[in-house]
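> The following file, target22.tsv, comprises TSV, C-alpha atoms:
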```
chain	number	residue	atom	x	y	z
A	1	MET	CA	-18.09	51.60	-64.78
A	2	LEU	CA	-15.58	50.73	-67.46
A	3	VAL	CA	-15.47	54.25	-68.77
A	4	TYR	CA	-14.24	55.65	-65.44
A	5	GLY	CA	-11.01	53.72	-65.90
A	6	VAL	CA	-10.68	55.01	-69.46
A	7	ALA	CA	-11.37	58.53	-68.17
A	8	VAL	CA	-8.59	58.22	-65.58
A	9	LEU	CA	-6.26	57.10	-68.39
A	10	ALA	CA	-7.40	59.99	-70.59
A	11	GLY	CA	-6.97	62.48	-67.76
A	12	CYS	CA	-3.42	61.29	-67.12
A	13	PHE	CA	-2.69	61.47	-70.86
A	14	ILE	CA	-3.88	65.07	-71.17
A	15	ALA	CA	-2.15	66.16	-67.95
A	16	GLY	CA	1.10	64.54	-69.14
A	17	GLN	CA	0.86	66.24	-72.55
A	18	LEU	CA	0.29	69.56	-70.78
A	19	ILE	CA	3.37	69.11	-68.59
A	20	GLY	CA	5.39	68.06	-71.66
A	21	ASP	CA	4.25	71.14	-73.58
A	22	LEU	CA	5.06	73.45	-70.68
A	23	LEU	CA	8.50	71.90	-70.31
A	24	GLY	CA	9.06	72.34	-74.06
A	25	ARG	CA	8.11	75.99	-73.79
A	26	LEU	CA	10.39	76.48	-70.79
A	27	LEU	CA	13.30	74.95	-72.72
A	28	ASN	CA	12.41	77.02	-75.79
A	29	ILE	CA	11.74	73.97	-77.97
A	30	ASP	CA	8.82	73.95	-80.33
A	31	GLY	CA	7.47	70.62	-79.12
A	32	ASN	CA	6.51	68.27	-76.36
A	33	VAL	CA	9.21	67.04	-73.98
A	34	GLY	CA	8.41	63.76	-72.24
A	35	GLY	CA	4.62	64.15	-72.27
A	36	VAL	CA	4.08	60.41	-72.59
A	37	GLY	CA	6.55	59.69	-69.78
A	38	PHE	CA	4.89	62.13	-67.37
A	39	ALA	CA	1.49	60.65	-68.23
A	40	MET	CA	2.77	57.13	-67.51
A	41	VAL	CA	4.18	58.10	-64.13
A	42	LEU	CA	0.93	59.92	-63.29
A	43	LEU	CA	-1.14	56.87	-64.23
A	44	ILE	CA	1.01	54.53	-62.13
A	45	LEU	CA	0.82	56.86	-59.10
A	46	ILE	CA	-2.90	57.61	-59.36
A	47	LYS	CA	-3.76	53.97	-59.95
A	48	GLY	CA	-1.79	52.98	-56.83
A	49	TRP	CA	-3.37	55.74	-54.76
A	50	MET	CA	-6.91	54.79	-55.84
A	51	HIS	CA	-6.17	51.11	-55.36
A	52	LYS	CA	-5.30	51.65	-51.71
A	53	ARG	CA	-8.68	53.26	-51.15
A	54	GLN	CA	-10.38	50.53	-53.18
A	55	TRP	CA	-11.65	53.13	-55.62
A	56	PHE	CA	-10.00	51.51	-58.61
A	57	THR	CA	-12.44	48.68	-59.37
A	58	SER	CA	-11.55	45.70	-61.52
A	59	GLU	CA	-14.01	46.94	-64.12
A	60	MET	CA	-12.12	50.24	-64.34
A	61	GLU	CA	-8.93	48.25	-64.68
A	62	SER	CA	-10.31	46.34	-67.66
A	63	GLY	CA	-11.15	49.69	-69.30
A	64	VAL	CA	-7.48	50.70	-69.17
A	65	ASN	CA	-6.37	47.19	-70.10
A	66	PHE	CA	-8.38	47.32	-73.31
A	67	TRP	CA	-6.19	50.19	-74.52
A	68	ASN	CA	-3.11	48.48	-73.14
A	69	LYS	CA	-3.90	45.50	-75.38
A	70	MET	CA	-4.72	47.70	-78.39
A	71	TYR	CA	-1.12	48.83	-78.30
A	72	ILE	CA	0.26	46.28	-80.76
A	73	PRO	CA	-2.50	46.75	-83.38
A	74	VAL	CA	-1.94	50.52	-83.17
A	75	ILE	CA	1.79	49.98	-83.72
A	76	VAL	CA	1.01	47.76	-86.74
A	77	ALA	CA	-1.17	50.54	-88.15
A	78	MET	CA	1.57	53.05	-87.37
A	79	SER	CA	4.25	51.13	-89.24
A	80	SER	CA	1.95	50.87	-92.26
A	81	ILE	CA	1.71	54.67	-92.59
A	82	GLN	CA	5.46	55.38	-92.49
A	83	ASN	CA	7.11	56.94	-95.49
A	84	VAL	CA	9.14	53.79	-96.22
A	85	LYS	CA	9.25	54.37	-99.99
A	86	SER	CA	10.83	57.81	-99.76
A	87	ALA	CA	13.34	56.56	-97.17
A	88	PHE	CA	14.55	53.96	-99.66
A	89	SER	CA	14.81	56.45	-102.50
A	90	SER	CA	16.73	59.16	-100.61
A	91	GLY	CA	20.13	57.78	-101.48
A	92	SER	CA	23.05	56.20	-99.72
A	93	VAL	CA	23.83	59.00	-97.22
A	94	ALA	CA	20.39	58.58	-95.63
A	95	ILE	CA	20.72	54.80	-95.47
A	96	VAL	CA	24.21	54.84	-93.94
A	97	ALA	CA	23.45	57.74	-91.56
A	98	GLY	CA	20.32	55.93	-90.41
A	99	ILE	CA	21.78	52.49	-89.95
A	100	VAL	CA	25.37	52.86	-88.69
A	101	PRO	CA	24.61	55.14	-85.67
A	102	THR	CA	21.73	52.86	-84.68
A	103	VAL	CA	23.99	49.81	-84.77
A	104	ILE	CA	26.59	51.67	-82.67
A	105	CYS	CA	23.92	52.59	-80.10
A	106	PHE	CA	22.67	49.00	-80.03
A	107	LEU	CA	26.22	47.81	-79.29
A	108	ALA	CA	26.59	50.32	-76.45
A	109	ILE	CA	23.50	49.08	-74.60
A	110	PRO	CA	25.07	46.03	-72.89
A	111	LEU	CA	28.04	48.19	-71.90
A	112	ILE	CA	25.90	50.78	-70.14
A	113	SER	CA	23.68	48.23	-68.46
A	114	LYS	CA	26.81	46.49	-67.17
A	115	ILE	CA	28.21	49.74	-65.74
A	116	SER	CA	24.91	50.75	-64.15
A	117	ARG	CA	24.51	47.30	-62.60
A	118	GLN	CA	27.99	47.48	-61.09
A	119	LYS	CA	27.22	50.89	-59.59
A	120	GLU	CA	23.97	49.57	-58.19
A	121	ASN	CA	25.76	46.77	-56.40
A	122	VAL	CA	28.26	49.00	-54.61
A	123	PRO	CA	26.08	50.21	-51.68
A	124	HIS	CA	25.02	46.67	-50.87
A	125	GLU	CA	28.55	45.52	-50.27
B	1	MET	CA	-17.09	49.99	-106.86
B	2	ASN	CA	-17.23	53.73	-106.29
B	3	ASP	CA	-20.06	53.24	-103.83
B	4	LEU	CA	-17.96	50.71	-101.92
B	5	ILE	CA	-14.96	53.06	-101.74
B	6	ALA	CA	-17.22	55.91	-100.60
B	7	LEU	CA	-18.54	53.65	-97.84
B	8	LEU	CA	-15.01	52.68	-96.78
B	9	VAL	CA	-13.87	56.31	-96.76
B	10	LYS	CA	-16.90	57.36	-94.71
B	11	ASN	CA	-16.11	54.72	-92.08
B	12	GLY	CA	-12.34	54.99	-92.34
B	13	PHE	CA	-11.48	54.36	-88.71
B	14	VAL	CA	-13.59	51.20	-88.49
B	15	VAL	CA	-12.09	49.93	-91.75
B	16	ALA	CA	-8.62	50.44	-90.27
B	17	LEU	CA	-9.61	48.38	-87.21
B	18	LEU	CA	-10.86	45.57	-89.46
B	19	VAL	CA	-7.83	45.53	-91.75
B	20	THR	CA	-5.40	45.72	-88.82
B	21	GLY	CA	-7.20	42.81	-87.17
B	22	ILE	CA	-6.81	40.78	-90.36
B	23	ILE	CA	-3.09	41.65	-90.61
B	24	VAL	CA	-2.51	40.62	-86.98
B	25	TYR	CA	-4.45	37.37	-87.52
B	26	VAL	CA	-2.58	36.43	-90.70
B	27	SER	CA	0.71	37.20	-88.94
B	28	SER	CA	-0.09	34.95	-85.99
B	29	VAL	CA	-1.02	32.12	-88.38
B	30	LEU	CA	2.27	32.67	-90.25
B	31	SER	CA	4.16	32.70	-86.95
B	32	ASP	CA	2.57	29.36	-85.96
B	33	ARG	CA	2.72	27.49	-89.25
B	34	LEU	CA	5.74	28.93	-91.05
B	35	PHE	CA	8.15	29.88	-88.24
B	36	GLY	CA	7.08	27.46	-85.50
B	37	LYS	CA	6.45	30.43	-83.15
B	38	LYS	CA	10.17	31.31	-83.27
B	39	VAL	CA	9.36	34.71	-84.79
B	40	PRO	CA	6.66	36.50	-82.75
B	41	GLY	CA	3.40	37.21	-84.58
B	42	SER	CA	3.59	40.89	-83.60
B	43	ALA	CA	7.03	41.20	-85.25
B	44	ILE	CA	5.65	39.74	-88.48
B	45	ALA	CA	2.61	42.04	-88.32
B	46	ILE	CA	4.76	45.15	-87.85
B	47	PHE	CA	7.07	44.06	-90.66
B	48	MET	CA	4.07	43.45	-92.93
B	49	GLY	CA	2.92	46.97	-92.08
B	50	LEU	CA	6.25	48.37	-93.30
B	51	VAL	CA	6.05	46.30	-96.51
B	52	PHE	CA	2.50	47.53	-97.20
B	53	ALA	CA	3.67	51.09	-96.51
B	54	TYR	CA	6.45	50.68	-99.09
B	55	ALA	CA	4.07	49.19	-101.66
B	56	ALA	CA	1.47	51.90	-101.05
B	57	GLY	CA	4.09	54.63	-101.31
B	58	SER	CA	5.31	53.21	-104.62
B	59	ILE	CA	1.81	53.06	-106.08
B	60	THR	CA	0.28	56.29	-104.77
B	61	GLY	CA	3.45	58.40	-104.55
B	62	GLY	CA	2.15	59.74	-101.24
B	63	ALA	CA	4.06	60.22	-98.01
B	64	HIS	CA	1.70	58.41	-95.61
B	65	GLY	CA	1.94	54.76	-96.62
B	66	VAL	CA	-1.36	52.88	-96.84
B	67	ALA	CA	-3.24	55.93	-95.51
B	68	ASP	CA	-2.91	57.41	-99.02
B	69	VAL	CA	-4.82	54.49	-100.55
B	70	ALA	CA	-8.48	55.33	-101.13
B	71	GLY	CA	-10.59	53.58	-98.50
B	72	LEU	CA	-7.70	53.06	-96.08
B	73	SER	CA	-7.38	56.68	-94.95
B	74	GLY	CA	-8.52	55.63	-91.45
B	75	PHE	CA	-5.04	54.21	-90.87
B	76	ALA	CA	-3.83	57.77	-90.38
B	77	ILE	CA	-6.05	57.99	-87.28
B	78	LEU	CA	-5.48	54.49	-85.85
B	79	GLY	CA	-1.72	54.67	-86.49
B	80	GLY	CA	-1.35	58.37	-85.75
B	81	ALA	CA	0.51	59.96	-82.85
B	82	MET	CA	-2.60	60.34	-80.66
B	83	PHE	CA	-3.50	56.66	-80.48
B	84	ARG	CA	0.15	55.63	-80.39
B	85	ASP	CA	0.81	57.78	-77.32
B	86	PHE	CA	-2.53	56.91	-75.69
B	87	THR	CA	-1.92	53.16	-75.89
B	88	ILE	CA	1.71	53.57	-74.77
B	89	VAL	CA	0.47	55.37	-71.64
B	90	ALA	CA	-2.01	52.52	-71.08
B	91	THR	CA	0.88	50.02	-71.05
B	92	ALA	CA	2.00	51.69	-67.81
B	93	MET	CA	-0.71	49.53	-66.16
B	94	GLY	CA	1.77	46.67	-66.28
B	95	ALA	CA	4.77	48.68	-65.06
B	96	HIS	CA	6.13	48.84	-61.53
B	97	PHE	CA	7.12	52.23	-60.22
B	98	SER	CA	9.89	50.75	-58.10
B	99	GLU	CA	11.60	49.41	-61.26
B	100	ILE	CA	11.40	52.80	-62.93
B	101	ARG	CA	12.82	54.56	-59.88
B	102	LYS	CA	15.59	51.99	-59.55
B	103	SER	CA	16.78	52.53	-63.13
B	104	GLY	CA	15.99	56.24	-63.33
B	105	LEU	CA	19.60	57.44	-63.29
B	106	ALA	CA	20.75	54.82	-65.81
B	107	GLY	CA	17.86	55.95	-68.03
B	108	VAL	CA	18.87	59.62	-67.86
B	109	ILE	CA	22.52	58.83	-68.59
B	110	SER	CA	21.57	56.64	-71.54
B	111	LEU	CA	19.41	59.48	-72.93
B	112	PHE	CA	22.32	61.92	-73.11
B	113	LEU	CA	24.68	59.24	-74.36
B	114	GLY	CA	22.16	58.05	-76.94
B	115	VAL	CA	21.66	61.51	-78.45
B	116	VAL	CA	25.37	62.41	-78.46
B	117	LEU	CA	26.51	59.03	-79.80
B	118	ALA	CA	23.93	59.01	-82.62
B	119	PHE	CA	24.76	62.63	-83.48
B	120	ILE	CA	28.53	62.13	-83.57
B	121	SER	CA	28.38	58.95	-85.65
B	122	GLY	CA	25.85	60.55	-88.01
B	123	ALA	CA	28.05	63.64	-88.35
B	124	VAL	CA	31.16	61.55	-89.01
B	125	ILE	CA	29.28	59.70	-91.77
B	126	ALA	CA	28.17	63.02	-93.29
B	127	VAL	CA	31.79	64.22	-93.34
B	128	SER	CA	33.12	60.97	-94.76
B	129	MET	CA	30.50	61.09	-97.53
B	130	GLY	CA	31.59	64.52	-98.66
B	131	TYR	CA	29.73	67.16	-96.64
B	132	THR	CA	31.97	69.98	-95.45
B	133	ASP	CA	29.62	72.68	-94.13
B	134	ALA	CA	28.59	72.76	-90.47
B	135	LYS	CA	24.88	73.18	-91.24
B	136	SER	CA	24.60	70.01	-93.34
B	137	ILE	CA	26.82	67.96	-91.02
B	138	THR	CA	24.76	69.01	-87.98
B	139	THR	CA	21.45	68.32	-89.70
B	140	ILE	CA	22.45	64.83	-90.87
B	141	GLY	CA	23.86	64.07	-87.41
B	142	ALA	CA	20.53	65.20	-85.94
B	143	GLY	CA	18.69	62.98	-88.43
B	144	ALA	CA	20.60	60.04	-86.98
B	145	CYS	CA	18.78	60.82	-83.69
B	146	THR	CA	15.16	60.77	-84.91
B	147	PHE	CA	13.21	61.87	-87.97
B	148	ILE	CA	11.85	64.78	-85.92
B	149	VAL	CA	15.16	66.00	-84.49
B	150	GLY	CA	16.62	66.13	-88.04
B	151	PRO	CA	14.17	68.58	-89.64
B	152	VAL	CA	13.80	70.65	-86.44
B	153	THR	CA	17.58	71.07	-86.27
B	154	GLY	CA	17.87	71.67	-90.01
B	155	GLY	CA	15.26	74.40	-89.77
B	156	ALA	CA	16.98	76.00	-86.79
B	157	VAL	CA	20.46	76.13	-88.33
B	158	GLY	CA	19.22	76.95	-91.84
B	159	ALA	CA	20.19	73.82	-93.76
B	160	SER	CA	19.09	73.23	-97.37
B	161	SER	CA	15.83	71.39	-97.95
B	162	GLU	CA	17.69	68.57	-99.69
B	163	VAL	CA	19.78	67.95	-96.58
B	164	ILE	CA	16.67	68.16	-94.40
B	165	ALA	CA	15.02	65.50	-96.57
B	166	ILE	CA	18.09	63.28	-96.12
B	167	SER	CA	17.94	63.77	-92.34
B	168	ILE	CA	14.28	62.73	-92.28
B	169	ALA	CA	15.05	59.63	-94.36
B	170	ALA	CA	17.96	58.74	-92.06
B	171	GLY	CA	15.62	58.98	-89.08
B	172	VAL	CA	13.03	56.77	-90.80
B	173	PHE	CA	15.74	54.19	-91.52
B	174	LYS	CA	16.72	54.23	-87.87
B	175	SER	CA	13.11	53.63	-86.90
B	176	ILE	CA	12.75	50.76	-89.40
B	177	LEU	CA	16.00	49.19	-88.23
B	178	ALA	CA	14.97	49.45	-84.56
B	179	THR	CA	11.64	47.83	-85.44
B	180	ILE	CA	13.12	44.90	-87.33
B	181	GLY	CA	16.44	44.62	-85.50
B	182	THR	CA	15.37	44.75	-81.85
B	183	PRO	CA	13.79	41.28	-81.63
B	184	LEU	CA	16.77	39.85	-83.52
B	185	VAL	CA	19.46	41.24	-81.22
B	186	ALA	CA	17.43	41.33	-77.97
B	187	ARG	CA	19.03	38.20	-76.58
B	188	SER	CA	22.62	39.15	-77.36
B	189	ILE	CA	22.33	42.65	-75.81
B	190	GLY	CA	20.58	41.32	-72.70
B	191	LEU	CA	17.29	43.05	-73.43
B	192	ASN	CA	15.09	40.93	-71.15
B	193	ASN	CA	14.60	43.05	-68.01
B	194	PRO	CA	13.09	46.46	-67.14
B	195	GLN	CA	16.43	48.13	-66.47
B	196	THR	CA	17.97	47.26	-69.84
B	197	ALA	CA	14.68	48.20	-71.51
B	198	MET	CA	14.95	51.68	-69.98
B	199	ILE	CA	18.55	52.00	-71.19
B	200	TYR	CA	17.48	50.74	-74.62
B	201	GLY	CA	14.74	53.39	-74.76
B	202	GLY	CA	17.27	56.10	-73.96
B	203	MET	CA	19.93	54.83	-76.37
B	204	ILE	CA	17.69	54.28	-79.41
B	205	GLY	CA	15.13	56.98	-78.63
B	206	THR	CA	13.05	57.00	-81.79
B	207	THR	CA	9.60	56.54	-80.22
B	208	SER	CA	7.99	54.57	-83.02
B	209	GLY	CA	11.03	52.30	-83.46
B	210	VAL	CA	11.41	51.67	-79.73
B	211	ALA	CA	7.68	51.06	-79.34
B	212	ALA	CA	7.50	48.66	-82.26
B	213	GLY	CA	10.82	46.97	-81.49
B	214	LEU	CA	9.84	46.20	-77.90
B	215	ALA	CA	6.34	45.14	-78.91
B	216	ALA	CA	7.91	42.57	-81.19
B	217	THR	CA	10.39	41.47	-78.53
B	218	ASP	CA	8.44	41.34	-75.25
B	219	PRO	CA	5.32	43.47	-74.65
B	220	LYS	CA	6.03	43.46	-70.91
B	221	LEU	CA	9.09	45.66	-71.52
B	222	VAL	CA	7.22	48.29	-73.56
B	223	PRO	CA	6.41	50.72	-70.71
B	224	TYR	CA	10.02	50.80	-69.50
B	225	GLY	CA	11.51	51.54	-72.91
B	226	ALA	CA	8.78	54.03	-73.78
B	227	ILE	CA	9.20	56.05	-70.61
B	228	THR	CA	12.80	57.03	-71.44
B	229	ALA	CA	12.33	57.21	-75.21
B	230	THR	CA	9.65	59.86	-74.74
B	231	PHE	CA	12.33	62.33	-73.57
B	232	TYR	CA	14.76	61.56	-76.40
B	233	THR	CA	13.32	63.67	-79.20
B	234	GLY	CA	12.95	66.67	-76.89
B	235	LEU	CA	16.52	66.33	-75.68
B	236	GLY	CA	17.75	65.96	-79.27
B	237	CYS	CA	15.87	69.09	-80.35
B	238	LEU	CA	17.50	70.86	-77.42
B	239	LEU	CA	21.11	69.69	-77.89
B	240	CYS	CA	21.55	69.37	-81.68
B	241	PRO	CA	20.93	72.95	-82.85
B	242	SER	CA	22.74	74.43	-79.82
B	243	VAL	CA	25.67	72.72	-78.07
B	244	LEU	CA	26.32	70.08	-80.72
B	245	TYR	CA	26.03	72.58	-83.61
B	246	PHE	CA	28.50	74.79	-81.76
B	247	VAL	CA	30.96	71.89	-81.42
B	248	VAL	CA	30.65	71.07	-85.14
B	249	ARG	CA	31.34	74.72	-86.00
B	250	LEU	CA	34.65	74.51	-84.16
B	251	PHE	CA	35.84	72.06	-86.83
B	252	PHE	CA	33.91	73.09	-89.96
B	253	ALA	CA	32.95	76.42	-91.45
```
As structure tokens, what does this structure read like?


Amino acid sequence: MLVYGVAVLAGCFIAGQLIGDLLGRLLNIDGNVGGVGFAMVLLILIKGWMHKRQWFTSEMESGVNFWNKMYIPVIVAMSSIQNVKSAFSSGSVAIVAGIVPTVICFLAIPLISKISRQKENVPHE
Amino acid sequence: MNDLIALLVKNGFVVALLVTGIIVYVSSVLSDRLFGKKVPGSAIAIFMGLVFAYAAGSITGGAHGVADVAGLSGFAILGGAMFRDFTIVATAMGAHFSEIRKSGLAGVISLFLGVVLAFISGAVIAVSMGYTDAKSITTIGAGACTFIVGPVTGGAVGASSEVIAISIAAGVFKSILATIGTPLVARSIGLNNPQTAMIYGGMIGTTSGVAAGLAATDPKLVPYGAITATFYTGLGCLLCPSVLYFVVRLFFA
């Protein structure tokens, strides 16, 4: 049944949100810390575990894959409900403080990935 | 006319599915015919979404883009946090756990670095543009992290509502820039493998920007960037009003 796959996905989602909420509460933040990340790891692990026992049928897989493929349309809908107008009318401080740090972080990415790759190679030598 | 709008409002979610499908279709045609497939259809679709959001905001004066247009309210559901996070989790179907484990440490380091680097550069900009009080500097620095970290930090340290509004706008700009900029710079920053995608997620952090930026670059990389980005806002909310605010107060009253 297709819906079993969707239910596994939904279960992982809720469990991840719960862990994220608990972690937020532990850290004294009013919010969810890493809920999506925990849910993703859960889904990968549970899918692998069920696969080994041949419980995760291809029909279940296509249930999850439907939502996987709905990702881009959802992102298109998401970008169309952002408050773009007010961002542009908030003045120059907002524009500069939004853009310059992002550019700096972009520039730092190749640096970090270079360093982490070097570290990774050390034990193999 | 009124009957039609009432019908659209009643079936808002389905209308959003239809309109989004049309946007994605038009974008893929544009990508084929106008750009010779050099610009991905998804990138055009996401950009069109932002343009529509701007137009809708100008016309309605609302804060939720096209969702404030009568008959298109369903976009708030389809594009809201629930479906965004649900579909991001579903992308994990295409991810390999071994890749995530391999780059785990690099991801964690990039998270801390990403928050601190965005905060410091945002704070320096606030100072150079005339802010001298620790509360405003901290809040604008936090806004350079994400549009959630900004207002959360501003609320915690007691910044003025004007500064909080600026921090939100800065965060939205970051998200827009990540959306549009990622596919453009992907090649030159080596963003073509799971490990760099995880570092990218930690460095940029704004969930919507990372999600949209990677979708427009290479959908296969989405789960890796999303898995680190999901911790960014939480980490920012943790560090900005505490340690980083404390550091700012050492220099400013």

> Might you pull out every residue within 6 Å of segment 55-71 of chain B, with all atoms listed in the file counted and same-chain residues fewer than 4 positions away left off, and present them as a ChimeraX atom specification?

/A:80-83,85 /B:5,8-9,75-76

> For chain B, which residue among A:Trp49, A:Phe56, A:Tyr4, A:Phe38 is the nearest when counting only C-alpha atoms?

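Going through A:Trp49, A:Phe56, A:Tyr4, A:Phe38 one by one, the smallest distance to chain B is for A:Phe38.
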
> Show which residues sit within 12 Å of Ala45 of chain B, as a count of residues only. Count only C-alpha atoms, and ignore same-chain residues fewer than 3 positions away.

37

> Would you please work out which residue, of B:Val172, B:Leu72, B:Leu239, B:Leu177, is nearest to Ser86 of chain A when using all atoms listed in the file?

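Checking each of B:Val172, B:Leu72, B:Leu239, B:Leu177 against Ser86 of chain A, counting all atoms listed in the file, the winner is B:Val172.
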
> Which one of A:Asn68, A:Asn32, A:Ser58, A:Thr102 sits closest to Thr182 of chain B if you count only C-alpha atoms?

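Of the candidates, the smallest distance to Thr182 of chain B is held by A:Thr102.
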
> For a test of reading the model, state the distance in Å between atom CA of Ala118 of chain B and atom CA of Gly91 of chain A, rounded to one decimal.

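Between these atoms lies a distance of 19.3 Å.
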
> Which residue, B:Ile199, B:Ala90, B:Leu78, B:Ile46, has the smallest gap to Ser113 of chain A when you use all atoms listed in the file?

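The closest residue to Ser113 of chain A is B:Ile199.
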